[in-house]
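Colleague: Quick one: this structure, given as structure tokens, is what I'll be asking you about.
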Amino acid sequence: MLDAALSPEDREVLLDICASVDNAATRMLDILIAVQDRFHWISPGAMELIAERTGISRIEVEGVASFYSFLSLAPKGRVTIRLCDDIIDRFAGLEAVTEAFEEAFGIAVGETSDDGAVSLEYTPCIGLCDQAPAAMINDLVATKLTPDRARQIAEAIKAGQSPEDILLGPANGLAPYDRATGLVDNNIRHAGALLLGPVPDDAGLTAALDMSPDQILRVVEASGLRGCGGAGFPAGTKWRAAAQTEADHRVVICNADEGEPGTFKDRVLLTERADLMIEGMTLCARAIGANEGLIYLRGEYAYLRPHLEAVLAERRRSGRLGSAIMGVDGFDFDIRIQLGAGSYVCGADRALISSCEGLPGEPRTLPPYPTTRGYLGFPTIVNNVETFSHAARILDIGADRFRDLGTEKSPGTKLFSVAGDCLNPGVYELPYGLTVQELLDTVGADDAQAVLMGGPSGEMIARDAFHRRLGFEDLPTGGAVIVFNGERNILEIVEYYMSFFVHESCGHCTPCRVGNVFLLKAIGKLRAGLANAADLDDLRDLSQTIIETSRCGLGTTSPNPILSTLDNFPLVYAASIKPSKDRLQASFDIQSAIDRARKLAQRRSYIFDQDFGA
Ligand SMILES: Cc1cc2nc3c(=O)[nH]c(=O)nc-3n(C[C@H](O)[C@H](O)[C@H](O)COP(=O)(O)O)c2cc1C
Ligand code: SF4
């Protein structure tokens with residue numbers, strides 16, 4: 001195992017890893033992921049050498065290594081099992097699965113076995129809510145876990161079998177696509193007209209080649225296509241802004257970070273429609289004059305990387321990527337995959353760009369907008385996987401046919417990832433404009449009490465709002481639909497999601513970092529029956545402060561689980577408060593909140609010490 005005093009062999013391996021990305025500091029994340037994979041931690045000696053090779057300081061290297069939860073500054077096991085600790089997994093039996101693993105390995109979650117064979121951890125949503133409980137085992141994933149299956153996996157690991165052999169069988173010489181679908185079910189429950197039904201090969205790109213860049217932009221603008229990652233910003237407007245910025249180099253980035261708990265529709269597109277998504281990126285490059293592309297693939301989807309690399313390689317081989325694409329002189333565009341390393345905030349475009357540049361994934365300030373000054377200072381488009389896929393279809397069928405589907409302000413179809421208490425969890429492609437009740441009927445959710453629309457950063461609605469329509473006119477969503485039946489405890493769900501935001505805050509701004517810990521504690525007090533009516537006002541006030549003073553979308557949406565349930569489930573709160581004059585506020589102890597924030601966010605203490613003079 002590599003440590004501070006590097007052996008000559010370890011040194012050689014590290015030098016090779018750095019050289020594989022030309023010793024570029026901007027590829028720091030790739031370097032550190034490779035080191036983590038090879039040595040199972042980022043040792044002090046490794047950081048020294050990486051700093052020397054890439055020409056930055058050791059403290060900067062450590063700043064990156066300590067930011068991402070899949071990178072470790074302490075030795076980890078040769079196999080790391082990351083149990084998905086999403087609320088859906090908890091409801092699906094995570095506790096019993098965890099106990100089975102703990103018992104079999106003789107370690108608790110958070111520990112590494114003495115022989116260095118295995119580490120057991122929890123991680124937030126890994127995008128497999130439709131087949132929970134699930135876990136990552138190194139770069140692979142295991143789904144629909146039971147205690148028996150956990151024991152089998154543990155015994156096989158103890159017997160020295162590799163995760164590949166255990167999860168894919170001993171003769172796992174499968175093609176990359178078969179490997180991905182061998183691990184994970186797609187669960188496509190409804191294929192709509194645009195994305196999940198039959199799709200002709202490169203019809204959109206072929207049509208785009210007969211158009212000028214401006215004509216392509218006009219088709220995308222006329223279609224009214226809105227971003228499918230959550231915010232719904234018009235894609236055509238964004239593309240035109242990048243095209244109009246003076247530059248000799250532009251960049252197209254596909255956001256495949258899909259970190260919102262409950263969302264997994266991009267996982268299915270990446271598996272089943274990778275060509276379509278890349279086609280969309282390629283015609284975006286044509287429209288804005290970009291030469292460079294990146295797919296930012298969340299670390300949890302590392303098992304999809306070989307499949308995506310194979311699709312990219314085949315497109316290069318067949319002239320649909322690389323130089324003179326489809327024989328058009330000067331149309332040069334290629335794509336590399338940037339793997340993430342376990343950070344939700346990196347899905348936010350400004351944090352994602354930092355991450356692609358080898359930095360900690362802290363969102364940078366606006367302006368300048370990425371379309372003006374993005375990746376490495378170049379005008380950059382960041383769009384969601386589904387947005388690029390739609391763009392390719394629009395260039396094929398035309399803006400009018402796209403607009404025939406959906407509603408006026410939300411044209412086209414949308415992919416919904418549906419999970420939780422329903423008969424048929426999975427992915428549904430449906431036109432915008434249907435009601436929540438229609439969706440619930442389609443997915444077999446007869447006993448829905450609450451629906452979390454758009455994940456925890458969205459809105460939790462109650463039965464009296466099931467008539468609302470999905471779309472930007474009424475109920476927007478990036479696609480996550482999580483159904484909770486009448487047996488679920490709303491405050492338990494809210495508490496879970498607040499702990500998620502506490503865990504994922506990048507720690508840059510105090511309101512988000514500390515305020516969310518206060519909110520989490522407040523929900524704990526409510527659940528313990530220790531809060532009174534006035535404390536609910538304090539909850540609202542603090543939520544508002546966090547929204548108004550946070551720097552990025554994580555902070556500005558983090559109080560949503562509380563605010564939307566306060567509004568939509570007032571009786572739940574009314575039933576939880578005690579008629580006392582004690583103020584919840586009085587029971588807060590700022591130091592203990594900060595200590596808890598530090599522990600949960602795993603941030604270095606000097607940040608807190610600076611802020612609070614501790
Ligand atoms: C905390 C946070 C996480 C986000 N995660 C994602 C994500 O995983 N995928 C995504 O496409 N957009 C995500 N977004 C939205 C992106 O910032 C950006 O708006 C989006 O990628 C733009 O693409 P679109 O217009 O095609 O939706 C996130 C935003 C925030 C604030
Ligand atoms: S709002 Fe939260 S996640 Fe966003 S920059 Fe501030 S601390 Fe980081």
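Just remember, in the structure tokens the first chain shown is A, the second B, etc., residues are 1-based per chain, and ligands are 1-based in the order shown.
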Taking only C-alpha atoms and all ligand atoms into account, which residues have an atom no farther than 9 Å from ligand 1? I'd like them as JSON, numbers by chain.
Modeller: {"A": [226, 227, 228, 229, 230, 231, 232, 233, 234, 235, 238, 253, 254, 255, 256, 257, 258, 259, 260, 263, 266, 298, 344, 345, 346, 347, 348, 349, 350, 351, 352, 363, 381, 382, 383, 384, 385, 386, 387, 388, 457, 478, 504, 505, 552, 553, 554, 555, 556, 557, 558]}
Colleague: Just want the 8 Å neighbourhood of Val494 in chain A, counted on only C-alpha atoms, with same-chain residues fewer than 3 positions away dropped. Output as a PyMOL selection string.
Modeller: chain A and resi 490-491+497-498+523+561-562
Colleague: Please list as an NGL selection string every residue within 10 Å of Thr565 in chain A, counting only C-alpha atoms and excluding residues in the same chain fewer than 4 positions away.
Modeller: :A and (450 or 452 or 459-462 or 490-491 or 494 or 560-561 or 569-573)
Colleague: Using only C-alpha atoms for the distances, tell me which of A:Tyr122, A:Ala154, A:Arg58, A:Leu415 is nearest to Ala100 in chain A.
Modeller: A:Ala154
Colleague: Using only C-alpha atoms and all ligand atoms, pick whichever of A:Glu103, A:Glu221, A:Asp537, A:Glu548 has the shortest atom-to-atom distance to ligand 2.
Modeller: A:Glu548
Colleague: Between CA of Gly106 in chain A and CA of Val118 in chain A, measure the distance and give it in Å to one decimal.
Modeller: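 Value for the CA of Gly106 in chain A-CA of Val118 in chain A distance: 10.4 Å.
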Colleague: Would you work out the distance separating CA of His467 in chain A from CA of Ala132 in chain A, expressed in Å to one decimal?
Modeller: 28.7 Å
Colleague: Pick the closest to His307 in chain A from A:Ala574, A:Ile216, A:Leu194, A:Ala175: which is it, counting only C-alpha atoms?
Modeller: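 The answer is A:Ala175, which sits nearest to His307 in chain A.
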Colleague: Quick one: everything within 7 Å of Thr380 in chain A, counting only C-alpha atoms, minus sequence neighbours fewer than 5 positions away in the same chain. Send it as a short mmCIF file (atom, residue, chain, number, x, y, z; two decimals) with C-alpha atoms, in the first residue's frame.
Modeller:
data_model
loop_
_atom_site.label_atom_id
_atom_site.label_comp_id
_atom_site.auth_asym_id
_atom_site.auth_seq_id
_atom_site.Cartn_x
_atom_site.Cartn_y
_atom_site.Cartn_z
CA ALA A 242 -22.68 31.12 -26.77
CA ARG A 250 -16.18 27.00 -27.67
CA VAL A 251 -17.18 24.04 -25.55
CA VAL A 252 -20.25 21.82 -25.23
CA PRO A 370 -20.84 30.07 -18.78
CA THR A 371 -22.06 31.01 -22.27
CA ARG A 373 -16.85 32.57 -20.00
CA GLY A 374 -17.14 28.95 -19.00
CA TYR A 375 -14.82 25.94 -19.12
#
Colleague: So that I can check the surroundings of Gly479 in chain A, please list as a list in words every protein, DNA and RNA residue that reaches within 6 Å of it, counting only C-alpha atoms and ignoring chain neighbours fewer than 6 positions away.
Modeller: Leu415, Phe416, Ser417 and Gly454 of chain A
Colleague: Gly280 in chain A: which residues within 8 Å, counting only C-alpha atoms, same-chain residues fewer than 3 positions away excluded, as JSON, numbers by chain?
Modeller: {"A": [204, 205, 276, 277, 283, 284, 388, 389, 390, 391, 392]}
Colleague: Quote the spacing between CA of Ser499 in chain A and CA of Leu83 in chain A in Å to one decimal place.
Modeller: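 Taking CA of Ser499 in chain A as the start and CA of Leu83 in chain A as the end point, the length is 16.2 Å.
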Colleague: Can you pull out every residue from range 202-277 of chain A that DSSP, working from the backbone, puts in helix (DSSP H, G or I), and format the result as a ChimeraX atom specification?
Modeller: /A:203-209,213-223,235-244,265-272,274-277
Colleague: Take the selection from the previous step and output its residues with C-alpha atoms, as a PDB file, in the first residue's frame.
Modeller:
ATOM      1  CA  ALA A 203     -31.369  11.786 -38.697  1.00  0.00           C
ATOM      2  CA  GLY A 204     -31.164  15.090 -36.801  1.00  0.00           C
ATOM      3  CA  LEU A 205     -27.453  15.526 -37.410  1.00  0.00           C
ATOM      4  CA  THR A 206     -27.848  14.638 -41.080  1.00  0.00           C
ATOM      5  CA  ALA A 207     -30.576  17.283 -41.447  1.00  0.00           C
ATOM      6  CA  ALA A 208     -28.436  19.835 -39.569  1.00  0.00           C
ATOM      7  CA  LEU A 209     -25.579  19.397 -42.020  1.00  0.00           C
ATOM      8  CA  PRO A 213     -25.461  27.257 -37.925  1.00  0.00           C
ATOM      9  CA  ASP A 214     -27.967  30.092 -37.710  1.00  0.00           C
ATOM     10  CA  GLN A 215     -30.709  27.926 -39.223  1.00  0.00           C
ATOM     11  CA  ILE A 216     -30.039  25.201 -36.645  1.00  0.00           C
ATOM     12  CA  LEU A 217     -30.311  27.782 -33.882  1.00  0.00           C
ATOM     13  CA  ARG A 218     -33.590  29.023 -35.304  1.00  0.00           C
ATOM     14  CA  VAL A 219     -35.104  25.532 -35.337  1.00  0.00           C
ATOM     15  CA  VAL A 220     -34.111  24.931 -31.705  1.00  0.00           C
ATOM     16  CA  GLU A 221     -35.447  28.366 -30.728  1.00  0.00           C
ATOM     17  CA  ALA A 222     -38.709  27.805 -32.613  1.00  0.00           C
ATOM     18  CA  SER A 223     -39.211  24.437 -30.921  1.00  0.00           C
ATOM     19  CA  ALA A 235     -32.091  25.790 -24.915  1.00  0.00           C
ATOM     20  CA  GLY A 236     -32.158  27.932 -28.066  1.00  0.00           C
ATOM     21  CA  THR A 237     -31.556  31.141 -26.091  1.00  0.00           C
ATOM     22  CA  LYS A 238     -28.565  29.590 -24.358  1.00  0.00           C
ATOM     23  CA  TRP A 239     -27.089  28.224 -27.587  1.00  0.00           C
ATOM     24  CA  ARG A 240     -27.434  31.593 -29.332  1.00  0.00           C
ATOM     25  CA  ALA A 241     -25.707  33.399 -26.467  1.00  0.00           C
ATOM     26  CA  ALA A 242     -22.676  31.117 -26.771  1.00  0.00           C
ATOM     27  CA  ALA A 243     -22.669  31.393 -30.565  1.00  0.00           C
ATOM     28  CA  GLN A 244     -22.708  35.192 -30.368  1.00  0.00           C
ATOM     29  CA  LYS A 265     -34.075   9.036 -16.235  1.00  0.00           C
ATOM     30  CA  ASP A 266     -30.664  10.158 -17.546  1.00  0.00           C
ATOM     31  CA  ARG A 267     -29.238   6.795 -16.496  1.00  0.00           C
ATOM     32  CA  VAL A 268     -31.709   5.148 -18.890  1.00  0.00           C
ATOM     33  CA  LEU A 269     -30.957   7.575 -21.730  1.00  0.00           C
ATOM     34  CA  LEU A 270     -27.210   7.075 -21.232  1.00  0.00           C
ATOM     35  CA  THR A 271     -27.754   3.337 -21.456  1.00  0.00           C
ATOM     36  CA  GLU A 272     -30.308   3.203 -24.274  1.00  0.00           C
ATOM     37  CA  ALA A 274     -26.204   7.353 -25.861  1.00  0.00           C
ATOM     38  CA  ASP A 275     -25.944   7.855 -29.628  1.00  0.00           C
ATOM     39  CA  LEU A 276     -28.891  10.247 -29.642  1.00  0.00           C
ATOM     40  CA  MET A 277     -27.453  12.327 -26.790  1.00  0.00           C
TER      41      MET A 277
END
Colleague: Using only C-alpha atoms for the distances, tell me which of A:Ile137, A:Ile87, A:Ala445, A:Leu563 is nearest to Pro124 in chain A.
Modeller: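 Ranked by minimum distance to Pro124 in chain A, first place goes to A:Ile87.
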Colleague: Which residue gives the smallest distance to Asp165 in chain A among A:Gly127, A:Pro147, A:Leu140, A:Asp248, with only C-alpha atoms counted?
Modeller: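 Looking at the shortest contact to Asp165 in chain A, the residue is A:Leu140.
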Colleague: Would you list the contacts of Ser57 in chain A as a list in words, taking every protein, DNA or RNA residue within 12 Å and counting only C-alpha atoms, but skipping same-chain residues closer than 6 positions in sequence?
Modeller: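 The residues satisfying every condition are Ala25, Met47, Glu48, Leu49, Ile50, Ala51, Gly63 and Val64 of chain A.
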Colleague: Pull C-alpha atoms from the residues just selected and write them as a compact mmCIF listing (two decimals), in the first residue's frame.
Modeller:
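Writing done, so here's out.txt:
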# COMPACT_ATOMS: atom_id res chain seq x y z
CA ALA A 25 -3.46 20.47 -13.21
CA MET A 47 -0.14 14.47 -3.05
CA GLU A 48 3.43 15.78 -2.84
CA LEU A 49 4.39 14.07 -6.06
CA ILE A 50 1.19 15.05 -7.90
CA ALA A 51 1.73 18.66 -6.84
CA GLY A 63 -8.17 20.88 -1.44
CA VAL A 64 -9.44 18.88 -4.41
Colleague: In terms of the shortest atom-to-atom distance over only C-alpha atoms and all ligand atoms, which of A:Arg364, A:Asp441, A:Tyr496, A:Ala117 is closest to ligand 2?
Modeller: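 When distances to ligand 2 are compared using only C-alpha atoms and all ligand atoms, the smallest one comes from A:Arg364.
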Colleague: Using DSSP on the backbone coordinates, identify all residues within range 71-126 of chain A classified as strand (DSSP E or B); present the result as an NGL selection string.
Modeller: :A and (79-84 or 112 or 118-123)
Colleague: Mind writing the picked residues with N, CA and C atoms as a PDB file, in the first residue's frame?
Modeller:
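The resulting selection_0.pdb:
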ATOM      1  N   VAL A  79     -11.928  -3.336  -1.709  1.00  0.00           N
ATOM      2  CA  VAL A  79     -13.315  -3.220  -2.193  1.00  0.00           C
ATOM      3  C   VAL A  79     -14.035  -2.231  -1.288  1.00  0.00           C
ATOM      4  N   THR A  80     -14.667  -1.235  -1.890  1.00  0.00           N
ATOM      5  CA  THR A  80     -15.502  -0.325  -1.100  1.00  0.00           C
ATOM      6  C   THR A  80     -16.955  -0.551  -1.480  1.00  0.00           C
ATOM      7  N   ILE A  81     -17.751  -0.870  -0.465  1.00  0.00           N
ATOM      8  CA  ILE A  81     -19.195  -1.021  -0.692  1.00  0.00           C
ATOM      9  C   ILE A  81     -19.858   0.257  -0.202  1.00  0.00           C
ATOM     10  N   ARG A  82     -20.527   0.933  -1.123  1.00  0.00           N
ATOM     11  CA  ARG A  82     -21.251   2.156  -0.754  1.00  0.00           C
ATOM     12  C   ARG A  82     -22.743   1.862  -0.824  1.00  0.00           C
ATOM     13  N   LEU A  83     -23.336   1.754   0.335  1.00  0.00           N
ATOM     14  CA  LEU A  83     -24.768   1.453   0.391  1.00  0.00           C
ATOM     15  C   LEU A  83     -25.551   2.727   0.135  1.00  0.00           C
ATOM     16  N   CYS A  84     -26.501   2.652  -0.774  1.00  0.00           N
ATOM     17  CA  CYS A  84     -27.290   3.837  -1.083  1.00  0.00           C
ATOM     18  C   CYS A  84     -28.228   4.121   0.091  1.00  0.00           C
ATOM     19  N   THR A 112     -13.209   0.184   7.928  1.00  0.00           N
ATOM     20  CA  THR A 112     -12.487  -0.671   6.975  1.00  0.00           C
ATOM     21  C   THR A 112     -11.994  -1.897   7.730  1.00  0.00           C
ATOM     22  N   VAL A 118     -11.976  -4.650   2.820  1.00  0.00           N
ATOM     23  CA  VAL A 118     -13.260  -4.044   2.479  1.00  0.00           C
ATOM     24  C   VAL A 118     -13.568  -2.832   3.360  1.00  0.00           C
ATOM     25  N   SER A 119     -14.181  -1.834   2.764  1.00  0.00           N
ATOM     26  CA  SER A 119     -14.722  -0.682   3.498  1.00  0.00           C
ATOM     27  C   SER A 119     -16.221  -0.659   3.262  1.00  0.00           C
ATOM     28  N   LEU A 120     -16.928  -0.259   4.285  1.00  0.00           N
ATOM     29  CA  LEU A 120     -18.389  -0.170   4.207  1.00  0.00           C
ATOM     30  C   LEU A 120     -18.787   1.277   4.456  1.00  0.00           C
ATOM     31  N   GLU A 121     -19.576   1.836   3.534  1.00  0.00           N
ATOM     32  CA  GLU A 121     -19.957   3.249   3.673  1.00  0.00           C
ATOM     33  C   GLU A 121     -21.410   3.444   3.274  1.00  0.00           C
ATOM     34  N   TYR A 122     -21.938   4.584   3.675  1.00  0.00           N
ATOM     35  CA  TYR A 122     -23.213   5.037   3.124  1.00  0.00           C
ATOM     36  C   TYR A 122     -22.927   6.122   2.100  1.00  0.00           C
ATOM     37  N   THR A 123     -23.801   6.233   1.118  1.00  0.00           N
ATOM     38  CA  THR A 123     -23.689   7.323   0.149  1.00  0.00           C
ATOM     39  C   THR A 123     -25.111   7.760  -0.219  1.00  0.00           C
TER      40      THR A 123
END
